[in-house]
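Trainee: Sharing a structure here in structure tokens format.
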Amino acid sequence: MAGPLLEYETEMFLGLFGCDGLLVAAEGMGIDRILLQFMRVYSEEGSLVLLLNTTIPEQEYFTEQLRIEGVTHLPRTVTSDVQSTERYDVYTQGGVLFVTSRILVVDFLTDRIPAHLVSGILVYRAHKIIESCQESFILRLFRQKNKTGFIKAFTDKATSFSSGFCKVERVMRNLFVKKLYLWPRFQASVNTALDRHKPEVVELHVSLTPAMRAIQSSILDIMGACLKELKRYNPTLEAEDLSLENTLGGAFEKTIRHYLDPLWHQLGAKTKALVQDLKVLRVLLVYLTQYDCVTFLNLLESLRCSQKSFGYNSGWLFLDSSTSMFVNARSRVYRIPDSKKKLKVGVEPVKQQTSATDVKRELVLEKSPKWEALTEVLQEIEKENKSSEHEPGRVLICASDDRTCAQIHQYINRGSDWLLNRLYARTVAKRDAAAGAALELDSHRQGKGWAKKPPEKGAKGKKPAQKAARSKSRPSLTLTQMMVKEEMNEAEALGSSGDEDGLMEDDDGEEEPLKLDLSSDAYYGVVKEPLTVIHPLKGCTDPYSLTRVLHEVEPSFVVLYDNEISFVRQLEIYKASRPGKTLRVYFLIYGGSTEEQRYLTMLSKEKKAFEHLIREKATMVVPEEREGREDTNLDLARSLEPANATTNTRKAGGQEQPKEPSRVIVDMREFRSKLPSLLHRRGLDIEPVTLEVGDYILTSDTCVERKSVSDLIGSLQSGRLYTQCLSMTRYYRRPVLLIEFDPAKPFSLVARSAFHHEISSNDITSKLTLLTLHFPRLRILWCPSPHTTAELFQVLKQGRPEPDAAAAQAITAESDTVAESADRYNPGPYDFLLKMPGVNVKNCRALVKSADSVADLTKLSQDKLAEILGNATNAKLLYDFLHNAADVAAPVQKGK
């Protein structure tokens, strides 16, 4: 299916094959084809290659491709389903292995994987190596134990290297590679290879209707006003990144989060509302060019109707541009004509006048300009197919998401009037009586009800039976099916129902509604003689779904209803690998729209990112020992002593004493965090085991429970932290609660303005205070970053006995062994005693020493209790509790 490599792809492969490095290619330039070629080479018993950072759909796709090409030793997946005892056998069988990061870290630490036999590691999505600590930890462990194996990394996200300081150099340092291979689209050999067999491209710049243009300018005006306000409230924000052009791109929310996240809890309500409004306005811009006039109006009306959105609105709903936007959006759907009757009946009562205005709406239902352009394109293709001597060319129509595809399918089969009327009936007409009356009037005028129009018959072209069946059984997951479940299958695939209100209220205008989970066979067959397939560009659970369809259908005509850089380049490669076959691409785009601007901005950003990488590559200083094949790489060194460290010359003249390696027992679940990697770098041996009590065992009597700030708040609210602290204090002499902060955020639990003078049940600081009062032996460590934590752990371990992994693993919540006072106190009655009135942690011990059991406790007088507890009030409370009869009314039985 993939076909042989093109000239420049062979060059990419040979360059990386000859020398380890990081390969950065332009998006859609077939980086998966290069990775597949490496997998093909290493899929044999004689080599053991590990592949990191792949998702399950990608693993399935790669395996399927290799099976098609006749590879016998197919890649295997190592997950938690494979028992730890069996994993060594799996590794020794060789070939390419997909292994989850957590399992690989544990296997390297416990020597369950034969590190010396590993031929090398392939890293996919290499730009994520800094954020995800597990992969860099794996590579460091691998390089420490294996000096000869290769490391080859791949990524097609050049833009991710443009943010941050020396990002590409840090990524290369974490990957232990010296070479950087850059392959932008403007590279000479890429240009030569792809320009030799270019597909025929027909660009259709569709004009926006006057109403759409007016709405677009209104939205942009409102966005400009919101940005101006945002900058006024936060003068420290980078003005360049918060330009109107950048708000159109997909990375805008990431940018704004990057700036505001560290101080989010310190921002005022106004700033938060503005950020939320910008998200809503971005969704409106997408809906304007993406969907029809009824869906857009429905979303817009839902914003005004939604009390939540209206209540928290920063004020843009009251701007003149907003009024103009609503007026224009309504004018695309219906109009209220100036009736002369109104003047004549003006004398009549108001009641009669209102009933008259109920039916004064005339439906306009403006067609989407792209629909008309699509019709022209399909007619042109049909004409060409008829005049052609060869068999009719197949057609592939690509739209942005599943919902647009469903609308195009309905439009081609039923026409725009049927589609828009149906949408109108299911959205605006449901909500508004006048709209319903207008719809009824309109259908009577046409002389027949639009809803009764029978569906057109016809088979799905030359589509194979298997595909047709898959298309039928495909789960309907467009936005419309959330409310109207009882509709027919055809209706369910349609574009919109009245559920946008709910979506906008729940999601507060974020773009989540557009990204829905779809089946891997997410395409629609269309009733046409040449096989026509509609497929979404985004939103499929299987990222290679579109690639599969492209190679299965082998279209002669591709209609890009919406644009996406990666698929455009995929089409270029598809044509270059099939030089004999014709391919015509129709590119539909709204001229002078935000859609066009968004596409151009993405292209220019990628180009700038590559230019930045080229400059950085020219000035980058790479040390000779970067690959770590010798012992000179400092990144691989462990337990580095500082340069100013002093040696004690009294002990054997300052000679180094042989040390027993220090070790820390770490819970398996903790390998998602950065801390185990940092502890290992500091020279501490890591023993991964499954712990029921605590996360880290530093010494035989020191147990640590690690909490991030969000986790701390959640477990304080749920009461889970109380149970965890109870277990730690019961089984360890030194229980420790570690509160670890994100280094990018302020080192404070709550803002200074949020401190309360009184203890409140909802306040985090109050809850922490109560926790420390309840567990006097509990120590709290406050750490601004994981690096500080690693340093503290090392200090806490100095001069103390090493922990025992078997003993730590044996301690469970039901364990009878209590670390302190195990020989004297039974924890059950001890907990029962603490629940009694007048008894607390401070006086409990004295009480236990004076009475052997609860029965003995009841025999003590009130004066004796006052003497033991040291407080007459507490003694009276306890005495009354033990001796007074409780007046509890007997439960009244209800008659049946």
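Each chain in the structure tokens gets a letter, A, B, ..., in the order shown, and its residues are numbered from 1; ligands are numbered from 1 in order too.
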Need the shell around Lys607 in chain A: protein/DNA/RNA residues with any atom at most 10 Å away, counting only C-alpha atoms. Skip same-chain ones fewer than 2 positions apart. Format as a VMD selection string?
Mentor: chain A and resid 26 158 to 159 184 to 186 601 to 605 609 to 613
Trainee: Kindly save the residues from that selection, with C-alpha atoms included, as a tab-separated table (two decimals), in the first residue's frame.
Mentor:
```
chain	number	residue	atom	x	y	z
A	26	ALA	CA	7.66	18.95	7.47
A	158	ALA	CA	8.92	21.69	13.63
A	159	THR	CA	6.79	24.43	15.23
A	184	PRO	CA	11.42	21.13	5.15
A	185	ARG	CA	9.06	21.21	2.15
A	186	PHE	CA	11.26	23.86	0.50
A	601	THR	CA	-0.63	31.39	8.96
A	602	MET	CA	0.05	27.68	9.55
A	603	LEU	CA	2.27	27.54	6.45
A	604	SER	CA	4.24	30.66	7.40
A	605	LYS	CA	4.68	29.44	11.00
A	609	ALA	CA	10.17	27.31	12.49
A	610	PHE	CA	12.39	25.56	9.93
A	611	GLU	CA	14.36	28.75	9.24
A	612	HIS	CA	14.88	29.10	13.00
A	613	LEU	CA	16.07	25.46	13.20
```
Trainee: Any idea what's packed within 12 Å of range 715-719 of chain A, counting only C-alpha atoms, ignoring anything in its chain fewer than 3 positions away? Could you give it as a list in words?
Mentor: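 In the requested format, the answer is Glu705, Arg706, Lys707, Ser708, Val709, Ser710, Asp711, Leu712, Tyr722, Thr723, Gln724, Cys725, Leu726, Ser761, Asn762, Asp763, Ile764, Thr765, Ser766, Lys767, Leu768, Thr769, Leu770 and Leu771 of chain A.
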Trainee: So that I can see what lies close to range 95-102 of chain A, please list as a short mmCIF file (atom, residue, chain, number, x, y, z; two decimals) with N, CA, C and O atoms, in the first residue's frame the residues with an atom at most 6 Å from it, counting only C-alpha atoms and leaving out residues fewer than 3 positions away in the same chain.
Mentor:
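So selection21.cif came out as:
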```cif
data_model
loop_
_atom_site.label_atom_id
_atom_site.label_comp_id
_atom_site.auth_asym_id
_atom_site.auth_seq_id
_atom_site.Cartn_x
_atom_site.Cartn_y
_atom_site.Cartn_z
N SER A 43 13.04 -6.00 11.45
CA SER A 43 12.09 -7.06 11.80
C SER A 43 12.69 -8.43 11.51
O SER A 43 12.33 -9.10 10.54
N GLU A 44 13.64 -8.81 12.34
CA GLU A 44 14.30 -10.12 12.18
C GLU A 44 14.76 -10.60 13.56
O GLU A 44 14.90 -9.79 14.49
N GLU A 45 15.00 -11.87 13.67
CA GLU A 45 15.36 -12.45 14.98
C GLU A 45 16.73 -11.99 15.47
O GLU A 45 16.98 -11.93 16.66
N SER A 47 18.05 -9.10 15.58
CA SER A 47 18.15 -7.77 16.21
C SER A 47 16.98 -7.55 17.15
O SER A 47 15.89 -8.08 16.94
N LEU A 48 17.20 -6.76 18.20
CA LEU A 48 16.15 -6.41 19.15
C LEU A 48 16.05 -4.88 19.17
O LEU A 48 16.96 -4.19 19.63
N VAL A 49 14.97 -4.35 18.62
CA VAL A 49 14.78 -2.89 18.52
C VAL A 49 13.51 -2.50 19.26
O VAL A 49 12.46 -3.12 19.09
N LEU A 50 13.62 -1.47 20.12
CA LEU A 50 12.47 -0.99 20.89
C LEU A 50 11.93 0.27 20.24
O LEU A 50 12.70 1.16 19.86
N LEU A 51 10.61 0.37 20.11
CA LEU A 51 9.97 1.53 19.50
C LEU A 51 9.14 2.25 20.57
O LEU A 51 8.23 1.66 21.16
N PRO A 75 6.25 -7.14 14.32
CA PRO A 75 6.45 -6.50 15.62
C PRO A 75 5.44 -7.02 16.64
O PRO A 75 4.32 -7.38 16.28
N ARG A 76 5.86 -7.06 17.90
CA ARG A 76 4.96 -7.48 18.98
C ARG A 76 4.83 -6.37 20.01
O ARG A 76 5.71 -5.51 20.11
N THR A 77 3.74 -6.41 20.77
CA THR A 77 3.48 -5.37 21.77
C THR A 77 3.65 -5.96 23.16
O THR A 77 3.12 -7.03 23.46
N VAL A 78 4.41 -5.25 24.00
CA VAL A 78 4.58 -5.69 25.40
C VAL A 78 3.81 -4.72 26.28
O VAL A 78 4.17 -3.54 26.40
N VAL A 105 10.86 1.13 31.76
CA VAL A 105 11.65 1.71 32.86
C VAL A 105 11.89 0.66 33.93
O VAL A 105 13.02 0.44 34.38
#
```
Trainee: Excluding same-chain residues fewer than 3 positions from Arg282 in chain A, what lies within 8 Å of it counting only C-alpha atoms, as a PyMOL selection string?
Mentor: chain A and resi 247-248+278-279+285-286
Trainee: Could you list, as a ChimeraX atom specification, every residue within 6 Å of range 392-409 of chain A, counting only C-alpha atoms and ignoring same-chain residues fewer than 3 positions away?
Mentor: /A:385,412,478,493-495,530-538,555-562
Trainee: What would the file look like if the residues just selected were written as a PDB file, in the first residue's frame with C-alpha atoms?
Mentor:
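Result went into result_25.pdb, see below:
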```
ATOM      1  CA  ASN A 385     -15.969  10.822 -16.934  1.00  0.00           C
ATOM      2  CA  ILE A 412     -25.566  15.505  -2.628  1.00  0.00           C
ATOM      3  CA  THR A 478     -22.113  13.314  14.956  1.00  0.00           C
ATOM      4  CA  ALA A 493     -26.139  11.155  10.038  1.00  0.00           C
ATOM      5  CA  LEU A 494     -27.503  14.652   9.353  1.00  0.00           C
ATOM      6  CA  GLY A 495     -25.848  17.788  10.553  1.00  0.00           C
ATOM      7  CA  PRO A 530     -18.478   6.679 -10.190  1.00  0.00           C
ATOM      8  CA  LEU A 531     -17.573   5.634  -6.658  1.00  0.00           C
ATOM      9  CA  THR A 532     -17.571   8.775  -4.521  1.00  0.00           C
ATOM     10  CA  VAL A 533     -16.329   8.590  -0.935  1.00  0.00           C
ATOM     11  CA  ILE A 534     -16.594  11.348   1.682  1.00  0.00           C
ATOM     12  CA  HIS A 535     -14.107  11.214   4.528  1.00  0.00           C
ATOM     13  CA  PRO A 536     -13.300  13.523   7.475  1.00  0.00           C
ATOM     14  CA  LEU A 537      -9.781  14.984   7.752  1.00  0.00           C
ATOM     15  CA  LYS A 538      -9.781  15.123  11.546  1.00  0.00           C
ATOM     16  CA  PRO A 555      -9.278   8.279  -6.697  1.00  0.00           C
ATOM     17  CA  SER A 556      -8.622  10.198  -9.918  1.00  0.00           C
ATOM     18  CA  PHE A 557     -10.283  13.295  -8.427  1.00  0.00           C
ATOM     19  CA  VAL A 558      -9.887  14.642  -4.892  1.00  0.00           C
ATOM     20  CA  VAL A 559     -12.104  17.493  -3.699  1.00  0.00           C
ATOM     21  CA  LEU A 560     -10.683  19.293  -0.646  1.00  0.00           C
ATOM     22  CA  TYR A 561     -13.832  20.867   0.811  1.00  0.00           C
ATOM     23  CA  ASP A 562     -11.638  21.935   3.757  1.00  0.00           C
TER      24      ASP A 562
END
```
Trainee: Identify, on the basis of only C-alpha atoms, every residue whose closest approach to His787 in chain A does not exceed 10 Å; exclude the query and any residue fewer than 5 positions from it along the same chain; express the result as a list in words.
Mentor: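 Listed by chain and then number, they are Lys674, Leu675, Leu678, Leu679, Arg682, Pro743 and Leu792 of chain A.
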Trainee: Print the selection's residues with C-alpha atoms to a file, as a tab-separated table (two decimals), in the first residue's frame.
Mentor:
```
chain	number	residue	atom	x	y	z
A	674	LYS	CA	10.00	12.96	37.01
A	675	LEU	CA	11.24	12.18	40.54
A	678	LEU	CA	16.18	12.48	39.20
A	679	LEU	CA	16.82	10.17	42.17
A	682	ARG	CA	21.79	11.42	41.98
A	743	PRO	CA	8.46	24.69	38.98
A	792	LEU	CA	16.00	16.45	50.22
```
Trainee: Pick the closest to Ala153 in chain A from A:Glu692, A:Asp742, A:Glu135, A:Glu380: which is it, counting only C-alpha atoms?
Mentor: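 Checking each of A:Glu692, A:Asp742, A:Glu135, A:Glu380 against Ala153 in chain A, counting only C-alpha atoms, the winner is A:Glu135.
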